[in-house]
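One file, query.txt, carrying compact mmCIF, C-alpha atoms:
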# COMPACT_ATOMS: atom_id res chain seq x y z
CA MET N 1 97.66 192.83 165.00
CA ASP N 2 97.34 195.93 162.84
CA TYR N 3 101.12 196.31 162.85
CA ILE N 4 101.60 192.65 161.86
CA PHE N 5 99.18 193.04 158.95
CA SER N 6 101.00 196.20 157.87
CA ILE N 7 104.34 194.38 157.51
CA LEU N 8 103.00 191.26 155.82
CA GLY N 9 103.41 192.71 152.33
CA PRO N 10 107.23 193.00 152.34
CA LEU N 11 107.57 189.70 154.22
CA ILE N 12 105.39 187.86 151.71
CA THR N 13 107.45 189.36 148.88
CA GLY N 14 110.62 188.19 150.62
CA THR N 15 109.08 184.75 151.09
CA GLY N 16 108.56 184.61 147.33
CA VAL N 17 112.30 185.12 146.78
CA THR N 18 113.07 182.47 149.41
CA LEU N 19 110.72 179.94 147.81
CA LYS N 20 112.08 180.68 144.35
CA MET N 21 115.61 179.99 145.53
CA PHE N 22 114.46 176.81 147.27
CA LEU N 23 112.54 175.43 144.29
CA VAL N 24 115.23 176.20 141.71
CA THR N 25 117.87 174.60 143.94
CA ILE N 26 115.82 171.43 144.49
CA VAL N 27 114.92 171.04 140.81
CA LEU N 28 118.57 171.33 139.74
CA ALA N 29 120.45 169.82 142.70
CA VAL N 30 118.54 166.52 142.95
CA PRO N 31 119.23 165.26 139.40
CA LEU N 32 122.80 166.59 139.55
CA GLY N 33 123.27 164.81 142.88
CA LEU N 34 122.01 161.54 141.37
CA ALA N 35 124.40 161.90 138.42
CA LEU N 36 127.29 162.58 140.82
CA ALA N 37 126.34 159.56 142.93
CA LEU N 38 126.38 157.28 139.90
CA ALA N 39 129.74 158.73 138.84
CA ARG N 40 131.03 158.31 142.39
CA ILE N 41 130.36 154.55 142.35
CA SER N 42 131.49 154.01 138.76
CA HIS N 43 134.30 151.62 137.90
CA TRP N 44 136.33 154.43 136.32
CA PRO N 45 138.89 155.44 138.97
CA LEU N 46 139.57 158.86 137.44
CA LEU N 47 135.89 159.82 137.28
CA SER N 48 135.18 158.46 140.75
CA GLY N 49 138.21 160.26 142.17
CA LEU N 50 137.28 163.60 140.61
CA VAL N 51 133.72 163.39 141.92
CA ASN N 52 134.98 162.37 145.35
CA ALA N 53 137.28 165.41 145.41
CA TYR N 54 134.42 167.67 144.33
CA ILE N 55 132.14 166.35 147.07
CA TRP N 56 134.91 166.76 149.64
CA LEU N 57 135.45 170.38 148.54
CA MET N 58 131.75 171.32 148.56
CA ARG N 59 131.04 169.67 151.90
CA GLY N 60 134.25 170.88 153.50
CA THR N 61 133.81 174.60 152.87
CA PRO N 62 130.98 176.88 154.04
CA LEU N 63 128.12 177.54 151.65
CA MET N 64 128.39 181.27 152.32
CA LEU N 65 132.06 181.23 151.30
CA GLN N 66 131.21 179.41 148.09
CA MET N 67 128.49 181.93 147.32
CA LEU N 68 130.79 184.90 147.98
CA PHE N 69 133.51 183.34 145.83
CA ILE N 70 131.18 182.84 142.88
CA TYR N 71 129.76 186.35 143.15
CA PHE N 72 132.85 188.38 144.02
CA ALA N 73 135.93 186.34 143.12
CA LEU N 74 134.88 184.40 140.02
CA PRO N 75 135.07 187.49 137.75
CA PHE N 76 138.78 187.81 138.60
CA VAL N 77 139.71 184.17 137.95
CA PRO N 78 142.05 183.99 134.93
CA VAL N 79 140.50 182.61 131.73
CA VAL N 80 137.07 182.13 133.39
CA GLY N 81 136.27 185.71 134.37
CA ILE N 82 132.51 185.16 134.62
CA ARG N 83 130.43 187.83 136.34
CA LEU N 84 127.02 186.61 137.46
CA PRO N 85 124.11 188.68 138.82
CA ASP N 86 123.13 188.08 142.43
CA PHE N 87 120.34 185.52 141.92
CA PRO N 88 122.16 183.31 139.37
CA ALA N 89 125.32 183.43 141.52
CA ALA N 90 123.36 182.28 144.55
CA VAL N 91 121.64 179.54 142.53
CA VAL N 92 124.96 178.20 141.23
CA ALA N 93 126.42 178.12 144.75
CA PHE N 94 123.37 176.45 146.27
CA VAL N 95 123.02 173.87 143.49
CA LEU N 96 126.70 172.90 143.53
CA ASN N 97 126.71 172.67 147.32
CA TYR N 98 123.48 170.73 147.79
CA ALA N 99 124.19 168.43 144.86
CA ALA N 100 127.25 167.23 146.77
CA TYR N 101 125.18 166.45 149.86
CA PHE N 102 122.45 164.75 147.84
CA ALA N 103 125.11 162.76 145.98
CA GLU N 104 126.36 161.20 149.20
CA ILE N 105 122.81 160.39 150.30
CA PHE N 106 122.02 158.78 146.95
CA ARG N 107 125.32 156.89 146.92
CA ALA N 108 124.62 155.43 150.35
CA GLY N 109 121.11 154.48 149.24
CA ILE N 110 122.34 152.75 146.09
CA GLN N 111 125.08 150.86 147.89
CA SER N 112 122.62 149.68 150.55
CA ILE N 113 120.87 147.50 147.95
CA ASP N 114 121.94 143.88 148.22
CA ARG N 115 124.41 142.79 145.52
CA GLY N 116 122.28 139.72 144.89
CA GLN N 117 119.68 141.89 143.22
CA TYR N 118 122.24 143.09 140.67
CA GLU N 119 123.19 139.49 139.95
CA GLY N 120 119.54 138.49 139.63
CA ALA N 121 118.91 141.34 137.19
CA LYS N 122 121.95 140.26 135.17
CA VAL N 123 120.58 136.71 134.95
CA LEU N 124 117.30 138.13 133.65
CA GLY N 125 119.22 139.91 130.90
CA LEU N 126 118.74 143.45 132.18
CA THR N 127 121.34 146.05 131.33
CA TYR N 128 123.00 148.17 134.01
CA ALA N 129 120.76 151.12 133.13
CA GLN N 130 117.62 148.96 133.28
CA THR N 131 118.72 147.47 136.60
CA MET N 132 119.22 150.91 138.09
CA ARG N 133 115.95 152.29 136.77
CA ARG N 134 113.66 149.35 137.49
CA ILE N 135 115.18 147.69 140.55
CA VAL N 136 117.76 149.77 142.41
CA LEU N 137 116.49 153.36 142.25
CA PRO N 138 112.88 152.58 143.34
CA GLN N 139 114.23 150.86 146.46
CA MET N 140 116.78 153.60 147.01
CA VAL N 141 114.07 156.27 147.09
CA ARG N 142 112.31 154.59 150.01
CA ARG N 143 115.52 154.26 152.00
CA ILE N 144 116.79 157.81 151.50
CA LEU N 145 113.58 159.67 152.30
CA PRO N 146 114.55 160.53 155.93
CA PRO N 147 117.98 162.03 155.10
CA VAL N 148 116.61 163.79 152.01
CA SER N 149 113.88 165.24 154.21
CA ASN N 150 116.50 166.61 156.60
CA GLU N 151 118.55 168.16 153.78
CA THR N 152 115.47 169.70 152.18
CA ILE N 153 114.37 171.32 155.42
CA THR N 154 117.92 172.57 155.98
CA LEU N 155 117.82 174.09 152.50
CA VAL N 156 114.79 176.20 153.42
CA LYS N 157 116.72 177.69 156.34
CA ASP N 158 119.96 178.06 154.38
CA THR N 159 118.23 180.29 151.83
CA SER N 160 118.54 183.03 154.46
CA LEU N 161 122.26 183.19 153.56
CA ILE N 162 121.47 185.01 150.32
CA TYR N 163 121.02 188.22 152.30
CA VAL N 164 124.81 188.68 152.03
CA LEU N 165 124.28 189.36 148.30
CA ALA N 166 121.72 192.06 149.18
CA MET N 167 118.86 189.95 147.84
CA ASN N 168 115.50 190.83 149.32
CA ASP N 169 114.61 187.44 150.76
CA LEU N 170 112.44 186.83 153.81
CA LEU N 171 115.21 187.41 156.37
CA ARG N 172 116.48 190.58 154.72
CA ALA N 173 112.95 191.95 154.47
CA ALA N 174 112.39 191.28 158.18
CA ARG N 175 115.74 192.80 159.08
CA GLY N 176 114.95 195.97 157.11
CA ILE N 177 111.67 196.42 158.96
CA VAL N 178 113.36 195.82 162.33
CA GLN N 179 115.94 198.51 161.60
CA ARG N 180 113.23 200.89 160.48
CA ASP N 181 110.72 200.35 163.29
CA PHE N 182 113.03 199.32 166.15
CA THR N 183 110.95 196.25 167.05
CA THR N 184 111.70 192.53 166.90
CA THR N 185 108.17 191.61 165.83
CA PRO N 186 109.17 191.18 162.14
CA PHE N 187 111.72 188.56 163.18
CA ILE N 188 109.00 186.66 165.04
CA VAL N 189 106.71 186.80 162.00
CA ALA N 190 109.57 185.71 159.73
CA ALA N 191 110.24 182.78 162.06
CA ALA N 192 106.57 181.81 161.75
CA PHE N 193 106.94 181.88 157.94
CA TYR N 194 110.00 179.61 158.08
CA LEU N 195 108.23 177.25 160.47
CA ALA N 196 105.21 177.08 158.17
CA MET N 197 107.40 176.20 155.17
CA THR N 198 109.29 173.51 157.06
CA LEU N 199 106.04 172.14 158.47
CA VAL N 200 104.62 171.68 154.97
CA LEU N 201 107.78 169.87 153.90
CA THR N 202 107.71 167.68 157.01
CA TRP N 203 104.11 166.68 156.32
CA GLY N 204 104.95 165.96 152.70
CA PHE N 205 107.86 163.67 153.51
CA GLN N 206 105.91 161.93 156.28
CA TYR N 207 103.19 161.19 153.73
CA LEU N 208 105.75 159.76 151.31
CA GLU N 209 107.32 157.60 154.00
CA LYS N 210 103.92 156.20 155.04
CA ARG N 211 103.01 155.59 151.41
CA TYR N 212 106.16 153.58 150.77
CA ASP N 213 105.66 151.67 154.03
CA VAL N 214 102.16 150.66 152.89
CA HIS N 215 103.46 149.50 149.51
CA ASP N 216 106.13 147.40 151.21
CA GLN N 217 103.65 145.53 153.41
Could you write out this structure as structure tokens?
Amino acid sequence: MDYIFSILGPLITGTGVTLKMFLVTIVLAVPLGLALALARISHWPLLSGLVNAYIWLMRGTPLMLQMLFIYFALPFVPVVGIRLPDFPAAVVAFVLNYAAYFAEIFRAGIQSIDRGQYEGAKVLGLTYAQTMRRIVLPQMVRRILPPVSNETITLVKDTSLIYVLAMNDLLRAARGIVQRDFTTTPFIVAAAFYLAMTLVLTWGFQYLEKRYDVHDQ
């Protein structure tokens, strides 16, 4: 136990980096995903096609590859030539990637709403924006909670990929201690940290699902 307490400091610091990456990604990726979903189902073929191609690209290539491209290759792209520090580069990659996944979840949720409700809203004189805000999106939220929960929990685990940019997240901190002390205990403690974070998220989404179920009864 003394050894575990002695390594908690670096692991807690690494957990802070992990949580920061998680929170920034969620805050930025969710609204971007909603905007992409609305663009994806728009009646403008060009806009819908461009968004569809973007989603296909983001979902069809590994997140790690996207992160490495933004950090290492983007500075050499003609005209663009942007060089980002490690944390902003990782944030951009994570947000662009997860926004694509959230967009498909939101799109499916929106399209699951019966078309009759759109027609009823139109009869009542509601605009498209009012229909989405007051009728469609509230129902969509209830229906997409399970898949959003899965993606959110996956995001917590995917944050471990930022170690390739030499960022001192939870996994990299644990790995450094393992290499220093020649023991796998830090990995076990790190696993406990990840499990604790995912457990909190699981409880949170279960609460939301039960709350919406109660409101629907």
- [ ] Record the distance separating atom CA of Pro85 of chain N and atom CA of Leu171 of chain N, expressed in Å with one decimal.
- [x] 19.7 Å
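With distances taken over all atoms listed in the file, N:Pro88 is the one residue among N:Gly120, N:Gly33, N:Pro88, N:Gly176 lying closest to Ile162 of chain N.
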TODO: Find the residues near Gln117 of chain N: any atom within 10 Å, counting all atoms listed in the file, skip ones fewer than 4 places away on the same chain, and give them as a list in words.
DONE: Ile113, Ala121, Lys122, Val123, Thr131, Ile135 and Val136 of chain N
Draw an axis-aligned box tight on the listed atoms of segment 19-38 of chain N, then pad every side by 8 Å and write out centre and edge lengths in Å to one decimal as lines of an AutoDock Vina configuration file.
center_x = 119.0
center_y = 169.0
center_z = 143.1
size_x = 32.6
size_y = 39.4
size_z = 25.4
Open item on the list: I'd like the contact shell of Thr18 of chain N - 12 Å cut-off, all atoms listed in the file, skipping same-chain residues fewer than 4 positions apart - returned as a PyMOL selection string.
Closed with: chain N and resi 11-14+22-25+87+90-91+155-163+167-173+190+193-194+197
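Atom CA of Arg83 of chain N lies 25.3 Å from atom CA of Val51 of chain N.
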I'd like a table as a Markdown table: residues in segment 62-172 of chain N with an atom no more than 10 Å from segment 200-206 of chain N, each row giving the shortest atom pair and its distance in Å to one decimal, all atoms listed in the file counted, sorted by chain and rising residue number.
| residue | atom | partner | partner_atom | distance |
| --- | --- | --- | --- | --- |
| N:Leu145 | CA | N:Phe205 | CA | 7.1 |
| N:Pro146 | CA | N:Phe205 | CA | 7.8 |
| N:Val148 | CA | N:Phe205 | CA | 8.9 |
| N:Ser149 | CA | N:Phe205 | CA | 6.3 |
| N:Asn150 | CA | N:Thr202 | CA | 8.9 |
| N:Thr152 | CA | N:Leu201 | CA | 7.9 |
| N:Ile153 | CA | N:Leu201 | CA | 6.9 |
| N:Val156 | CA | N:Leu201 | CA | 9.5 |
Could you write out the selected residues, including C-alpha atoms, as a compact mmCIF listing (two decimals), in the frame of the given file?
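Saved to again_8.txt:
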# COMPACT_ATOMS: atom_id res chain seq x y z
CA LEU N 145 113.58 159.67 152.30
CA PRO N 146 114.55 160.53 155.93
CA VAL N 148 116.61 163.79 152.01
CA SER N 149 113.88 165.24 154.21
CA ASN N 150 116.50 166.61 156.60
CA THR N 152 115.47 169.70 152.18
CA ILE N 153 114.37 171.32 155.42
CA VAL N 156 114.79 176.20 153.42
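Among the candidates N:Leu34, N:Ala192, N:Leu28, N:Ile4, the residue lying nearest to Ile105 of chain N is N:Leu34 (atoms considered: all atoms listed in the file).
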- [ ] Place a sphere of radius 12 Å on (129.7, 152.2, 139.8) in the file coordinates and name every protein, DNA or RNA residue with an atom inside or on its surface, counting all atoms listed in the file; give the answer as a VMD selection string.
- [x] chain N and resid 35 to 45 47 to 49 107 110 to 111 118 128 to 129 132
Write to file, as a tab-separated table (two decimals), keeping the file's coordinate frame, the residues of the selection just made, with C-alpha atoms.
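What follows is the written file again.tsv:
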chain	number	residue	atom	x	y	z
N	35	ALA	CA	124.40	161.90	138.42
N	36	LEU	CA	127.29	162.58	140.82
N	37	ALA	CA	126.34	159.56	142.93
N	38	LEU	CA	126.38	157.28	139.90
N	39	ALA	CA	129.74	158.73	138.84
N	40	ARG	CA	131.03	158.31	142.39
N	41	ILE	CA	130.36	154.55	142.35
N	42	SER	CA	131.49	154.01	138.76
N	43	HIS	CA	134.30	151.62	137.90
N	44	TRP	CA	136.33	154.43	136.32
N	45	PRO	CA	138.89	155.44	138.97
N	47	LEU	CA	135.89	159.82	137.28
N	48	SER	CA	135.18	158.46	140.75
N	49	GLY	CA	138.21	160.26	142.17
N	107	ARG	CA	125.32	156.89	146.92
N	110	ILE	CA	122.34	152.75	146.09
N	111	GLN	CA	125.08	150.86	147.89
N	118	TYR	CA	122.24	143.09	140.67
N	128	TYR	CA	123.00	148.17	134.01
N	129	ALA	CA	120.76	151.12	133.13
N	132	MET	CA	119.22	150.91	138.09
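Each of N:Leu19, N:Ala99, N:Val79, N:Phe69 was compared to Tyr54 of chain N using all atoms listed in the file, and N:Ala99 turns out to be the nearest.
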TODO: Might you pull out every residue within 12 Å of Leu96 of chain N, with all atoms listed in the file counted and same-chain residues fewer than 3 positions away left off, and present them as JSON, numbers by chain?
DONE: {"N": [25, 26, 28, 29, 30, 31, 32, 33, 36, 51, 54, 55, 56, 57, 58, 59, 61, 63, 66, 67, 70, 89, 90, 91, 92, 93, 99, 100, 101, 102, 103]}
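Our summary of the geometry notes that atom CA of Val95 of chain N is positioned 15.3 Å from atom CA of Gly60 of chain N.
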Task: Of the listed residues N:Leu199, N:Ala191, N:Leu8, N:Ala73, that which approaches Ile177 of chain N most closely, counting only C-alpha atoms - done: N:Leu8
TODO: Have a look at N:Met1, N:Val141, N:Met21, N:Met64 and name the one nearest to Glu209 of chain N; count only C-alpha atoms.
DONE: N:Val141
- [ ] Between N:Leu208, N:Val189, N:Ala166, N:Leu68, single out the one closest to Ser6 of chain N, counting only C-alpha atoms.
- [x] N:Val189
